[in-house]
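Trainee: Mind having a look at this structure? Questions to follow.
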Amino acid sequence: MVPKIDQNSIFSSSLNAILTTILNKYSFNGVANVHIPDGYLSPTTVVVSYLVVAPLWVYGFKRLKRSLNEETLPMIGALTALSFVIMMFNIPIPGGTSGHAVGAALIAIMFDPWIASIAVSLVLFIQAVVFADGGISALAVNALAMAFGGAFGGYYLFKLLRSHAYAPFVAGWASAVVASVIIALGLGIQPLFWSEGDKPLYFPFDLTITLPALVGEHALIFGVIEGIFTTIAYRFLTRKDAA
């Protein structure tokens, strides 16, 4: 059941937040790289990842289309906008990438993991095409990690623990960690399979670096941030229903 709150007001506020975030972020010199950029993945990895994610996108869009109505559209739009905003704030970490909150778990537990996957995939697409934040060639891997991995990982843990007050936190934390594992694997296999002698052709660090760097940082820092964000947002969105 969608919470009975002022959804149009939330949607308008979220759009204003997007514009403010964009203006603030791009008024500085230089842009931090949030997602895997072009050139980090081999052509084989790119092709395989698109072949894997394409049917998931098709099925997810069908699920989303069936779910859209006058009641759900404003809230889905608002949460997608919120995901866009929080993904614009990132902190560089060791291993050649950055970490940030995503919001996939929140959308998944409020609606459905398929809806969350499509919503976050759309955010990733806009960031890649409009702001060059993540590469087009890496979009499928980024989506598999942050959209699908994050949404389904967070959703099923929430379902398992939903009778406990800490369920939203664990869902958010798990969402970030699952996403980081997929990203770490996608990057870490590059020098193992695509190198000329000792020279990597694409991303230069193997799994011994990407797994501890990415997964460790997300388990200890960004997963906690995602968990706190998910908990606060979930309680705010559901408290009106309980009243």
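Each chain in the structure tokens gets a letter, A, B, ..., in the order shown, and its residues are numbered from 1; ligands are numbered from 1 in order too.
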DSSP on the backbone, then: every residue of range 27-232 of chain A marked strand (DSSP E), written as a list in words.
Mentor: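 Result set for range 27-232 of chain A (strand (DSSP E)): Ile91, Pro92, Ile93, Thr97, Ser98, Gly99, Ser195, Glu196, Lys199 and Pro200 of chain A.
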Trainee: Using DSSP on the backbone coordinates, identify the residues of range 53-199 of chain A assigned to helix (DSSP H, G or I); present them as a ChimeraX atom specification.
Mentor: /A:53-67,72-87,104-110,113-131,139-161,167-188,190-193
Trainee: Neighbours of range 218-233 of chain A within 8 Å (only C-alpha atoms; same-chain residues fewer than 6 positions away dropped), as a list in words?
Mentor: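 Close residues of range 218-233 of chain A: Gly99, His100, Ala101, Val102, Gly103, Ala105, Leu106, Tyr166, Pro168, Phe169, Val170, Ala171, Gly172, Trp173, Ala174, Ser175, Ala176, Val177 and Ser180 of chain A.
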Trainee: Export C-alpha atoms of the chosen residues as a compact mmCIF listing (two decimals), in the first residue's frame?
Mentor:
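And here is the file that came out, out.txt:
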```txt
# COMPACT_ATOMS: atom_id res chain seq x y z
CA GLY A 99 31.24 5.20 -3.26
CA HIS A 100 27.82 6.71 -2.68
CA ALA A 101 24.28 5.94 -1.60
CA VAL A 102 21.84 4.69 -4.26
CA GLY A 103 18.32 4.36 -2.87
CA ALA A 105 16.57 -0.67 -1.39
CA LEU A 106 14.13 2.08 -0.41
CA TYR A 166 16.28 -2.68 12.10
CA PRO A 168 15.27 -1.08 6.73
CA PHE A 169 18.82 -0.47 7.91
CA VAL A 170 19.94 -4.00 7.07
CA ALA A 171 18.19 -3.77 3.69
CA GLY A 172 20.00 -0.55 2.83
CA TRP A 173 23.33 -1.86 4.07
CA ALA A 174 22.98 -5.11 2.11
CA SER A 175 21.93 -3.23 -1.00
CA ALA A 176 25.17 -1.25 -1.02
CA VAL A 177 27.34 -4.27 -0.24
CA SER A 180 29.89 -3.25 -4.47
```
Trainee: Can you list every residue of range 130-208 of chain A that has an atom at most 8 Å from range 40-51 of chain A, with its nearest atom pair and the distance in Å to one decimal, using only C-alpha atoms, ordered by chain then number, as a Markdown table?
Mentor:
```
| residue | atom | partner | partner_atom | distance |
| --- | --- | --- | --- | --- |
| A:Ser137 | CA | A:Val46 | CA | 5.9 |
| A:Ala138 | CA | A:Val46 | CA | 6.4 |
| A:Ala140 | CA | A:Tyr50 | CA | 5.3 |
| A:Val141 | CA | A:Ser49 | CA | 5.9 |
| A:Gly186 | CA | A:Leu41 | CA | 7.8 |
| A:Leu187 | CA | A:Leu41 | CA | 7.0 |
| A:Gln190 | CA | A:Leu41 | CA | 6.6 |
| A:Trp194 | CA | A:Ser42 | CA | 7.2 |
| A:Leu201 | CA | A:Ser42 | CA | 8.0 |
| A:Tyr202 | CA | A:Tyr40 | CA | 4.9 |
| A:Phe203 | CA | A:Tyr40 | CA | 4.7 |
```
Trainee: Choose the residue, out of A:Ala54, A:Met88, A:Leu79, A:Ile189, that has the smallest atom-to-atom separation from Met110 in chain A; count only C-alpha atoms.
Mentor: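 Of A:Ala54, A:Met88, A:Leu79, A:Ile189, the one nearest Met110 in chain A is A:Leu79, counting only C-alpha atoms.
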